[in-house]
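The structure under discussion appears below in the form of structure tokens.
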Amino acid sequence: MLLFYLAVYIIILIIAEQMVIDRFNIKKRNKWFYSPVNRVHLWGEIAIIIAMVAIFYFNRSIRLYFVPVFLTMLFGFRAFMEWKYDKASKTYILSLFTLIVVLMTFFMLKLSLFK
């Protein structure tokens with residue numbers, strides 16, 4: 001039953017993402033992997049990932065809040081850099097949408113699995 005709910009949730013997310021792309025006329029890149037807008041963006045994301053891995057490695061007591069804080073920092077930085085340096089493509093809207101979806105998914109899982 002869980003797999004059914006997961007499949008329905010993924011289908012809803014795909015439809016919602018396509019609706020956001022159509023609504024805001026977002027130019028989506030035709031690449032499998034994300035490409036940063038410039039070198040500052042690339043090194044900023046690398047620094048955030050390294051910092052979060054180091055924090056998690058040296059302080060394991062913050063596990064509960066690690067994932068949402070990390071994702072908020074990563075996607076927030078990504079959305080800011082896209083907004084600042086590539087406003088015309090409007091990809092920052094997709095980054096914000098992804099952030100909201102991932103945080104909602106995390107908190108729904110937290111509420112359902114860790115009662």
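Residues in the structure tokens are numbered from 1 in each chain, the chains being A, B, ... in the order shown, and ligands are numbered from 1 in the order shown.
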Might you pull out every residue within 8 Å of segment 29-39 of chain A, with only C-alpha atoms counted and same-chain residues fewer than 4 positions away left off, and present them as a VMD selection string? chain A and resid 43 81 to 82 85 to 86
How would the residues just picked look written out with N, CA and C atoms as a JSON list (two decimals), in the first residue's frame?
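In the end it all went to part37.json:
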```json
[["chain", "number", "residue", "atom", "x", "y", "z"],
["A", 43, "TRP", "N", 31.17, 26.72, -6.55],
["A", 43, "TRP", "CA", 31.98, 26.60, -5.34],
["A", 43, "TRP", "C", 31.16, 26.86, -4.08],
["A", 81, "MET", "N", 21.16, 32.28, -6.34],
["A", 81, "MET", "CA", 22.14, 32.47, -7.41],
["A", 81, "MET", "C", 21.45, 32.48, -8.78],
["A", 82, "GLU", "N", 20.46, 31.63, -8.97],
["A", 82, "GLU", "CA", 19.73, 31.63, -10.23],
["A", 82, "GLU", "C", 18.95, 32.94, -10.40],
["A", 85, "TYR", "N", 21.69, 35.86, -11.03],
["A", 85, "TYR", "CA", 22.51, 35.84, -12.24],
["A", 85, "TYR", "C", 21.82, 35.29, -13.48],
["A", 86, "ASP", "N", 20.62, 34.74, -13.35],
["A", 86, "ASP", "CA", 19.94, 34.17, -14.52],
["A", 86, "ASP", "C", 18.42, 34.33, -14.38]]
```
Extract the full set of helix (DSSP H, G or I) residues from segment 11-90 of chain A according to DSSP on the backbone, and format it as an mmCIF file with C-alpha atoms, in the first residue's frame.
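What landed in selection-v9.cif:
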```cif
data_model
loop_
_atom_site.group_PDB
_atom_site.id
_atom_site.type_symbol
_atom_site.label_atom_id
_atom_site.label_comp_id
_atom_site.auth_asym_id
_atom_site.auth_seq_id
_atom_site.Cartn_x
_atom_site.Cartn_y
_atom_site.Cartn_z
ATOM 1 C CA ILE A 11 2.843 11.352 -10.252
ATOM 2 C CA ILE A 12 1.262 14.349 -8.510
ATOM 3 C CA LEU A 13 4.680 15.977 -8.124
ATOM 4 C CA ILE A 14 5.537 15.457 -11.790
ATOM 5 C CA ILE A 15 2.217 16.996 -12.830
ATOM 6 C CA ALA A 16 2.662 19.887 -10.391
ATOM 7 C CA GLU A 17 6.188 20.583 -11.665
ATOM 8 C CA GLN A 18 4.946 20.619 -15.248
ATOM 9 C CA MET A 19 2.152 23.002 -14.243
ATOM 10 C CA VAL A 20 4.696 25.351 -12.633
ATOM 11 C CA ILE A 21 6.877 25.201 -15.773
ATOM 12 C CA ASP A 22 3.889 25.975 -17.994
ATOM 13 C CA ARG A 23 2.447 28.670 -15.713
ATOM 14 C CA PHE A 24 5.668 30.668 -15.391
ATOM 15 C CA ARG A 39 31.797 29.408 -10.798
ATOM 16 C CA VAL A 40 30.772 31.227 -7.608
ATOM 17 C CA HIS A 41 27.588 29.206 -7.617
ATOM 18 C CA LEU A 42 29.498 25.953 -8.153
ATOM 19 C CA TRP A 43 31.977 26.604 -5.340
ATOM 20 C CA GLY A 44 29.237 27.890 -3.037
ATOM 21 C CA GLU A 45 27.290 24.651 -3.384
ATOM 22 C CA ILE A 46 30.445 22.594 -2.890
ATOM 23 C CA ALA A 47 31.232 24.584 0.273
ATOM 24 C CA ILE A 48 27.703 24.049 1.631
ATOM 25 C CA ILE A 49 27.902 20.303 0.982
ATOM 26 C CA ILE A 50 31.358 19.986 2.578
ATOM 27 C CA ALA A 51 30.291 22.069 5.587
ATOM 28 C CA MET A 52 27.170 20.018 6.140
ATOM 29 C CA VAL A 53 29.013 16.706 5.834
ATOM 30 C CA ALA A 54 31.630 17.951 8.319
ATOM 31 C CA ILE A 55 28.957 19.176 10.746
ATOM 32 C CA PHE A 56 27.126 15.865 10.547
ATOM 33 C CA TYR A 57 30.336 13.881 10.970
ATOM 34 C CA PHE A 58 31.547 15.782 14.039
ATOM 35 C CA ARG A 60 25.825 13.459 15.396
ATOM 36 C CA SER A 61 23.305 14.864 17.887
ATOM 37 C CA ILE A 62 21.755 17.133 15.239
ATOM 38 C CA ARG A 63 20.471 14.298 13.039
ATOM 39 C CA LEU A 64 16.810 15.247 13.442
ATOM 40 C CA TYR A 65 17.228 18.709 11.946
ATOM 41 C CA PHE A 66 20.130 17.992 9.630
ATOM 42 C CA VAL A 67 18.224 17.126 6.452
ATOM 43 C CA PRO A 68 15.791 20.083 6.331
ATOM 44 C CA VAL A 69 18.489 22.599 7.297
ATOM 45 C CA PHE A 70 20.886 21.217 4.693
ATOM 46 C CA LEU A 71 18.261 21.190 1.940
ATOM 47 C CA THR A 72 17.049 24.668 2.833
ATOM 48 C CA MET A 73 20.573 26.032 2.655
ATOM 49 C CA LEU A 74 21.392 24.221 -0.591
ATOM 50 C CA PHE A 75 18.210 24.976 -2.519
ATOM 51 C CA GLY A 76 17.953 28.460 -1.026
ATOM 52 C CA PHE A 77 21.472 29.283 -2.187
ATOM 53 C CA ARG A 78 20.730 27.721 -5.580
ATOM 54 C CA ALA A 79 17.523 29.751 -5.993
ATOM 55 C CA PHE A 80 19.283 32.966 -4.946
ATOM 56 C CA MET A 81 22.136 32.467 -7.411
ATOM 57 C CA GLU A 82 19.732 31.633 -10.230
ATOM 58 C CA TRP A 83 17.603 34.671 -9.395
ATOM 59 C CA LYS A 84 20.624 36.964 -9.119
ATOM 60 C CA TYR A 85 22.515 35.836 -12.237
ATOM 61 C CA LYS A 87 16.559 35.827 -13.979
ATOM 62 C CA ALA A 88 15.487 35.401 -17.603
ATOM 63 C CA SER A 89 15.353 31.607 -17.420
#
```
Using Å and a single decimal, report how far atom CA of Ala7 of chain A sits from atom CA of Leu113 of chain A.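 If I compute the distance from atom CA of Leu113 of chain A to atom CA of Ala7 of chain A, I get 17.7 Å.
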Coordinates-based distance that separates atom CA of Leu109 of chain A from atom CA of Tyr9 of chain A (Å, one decimal): 12.2 Å
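Between atom CA of Asn25 of chain A and atom CA of Ile10 of chain A lies a distance of 22.0 Å.
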So, counting only C-alpha atoms, which residue among A:Leu6, A:Asn59, A:Lys90, A:Ser95 is closest to Met108 of chain A?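 Among the listed residues, A:Leu6 lies closest to Met108 of chain A.
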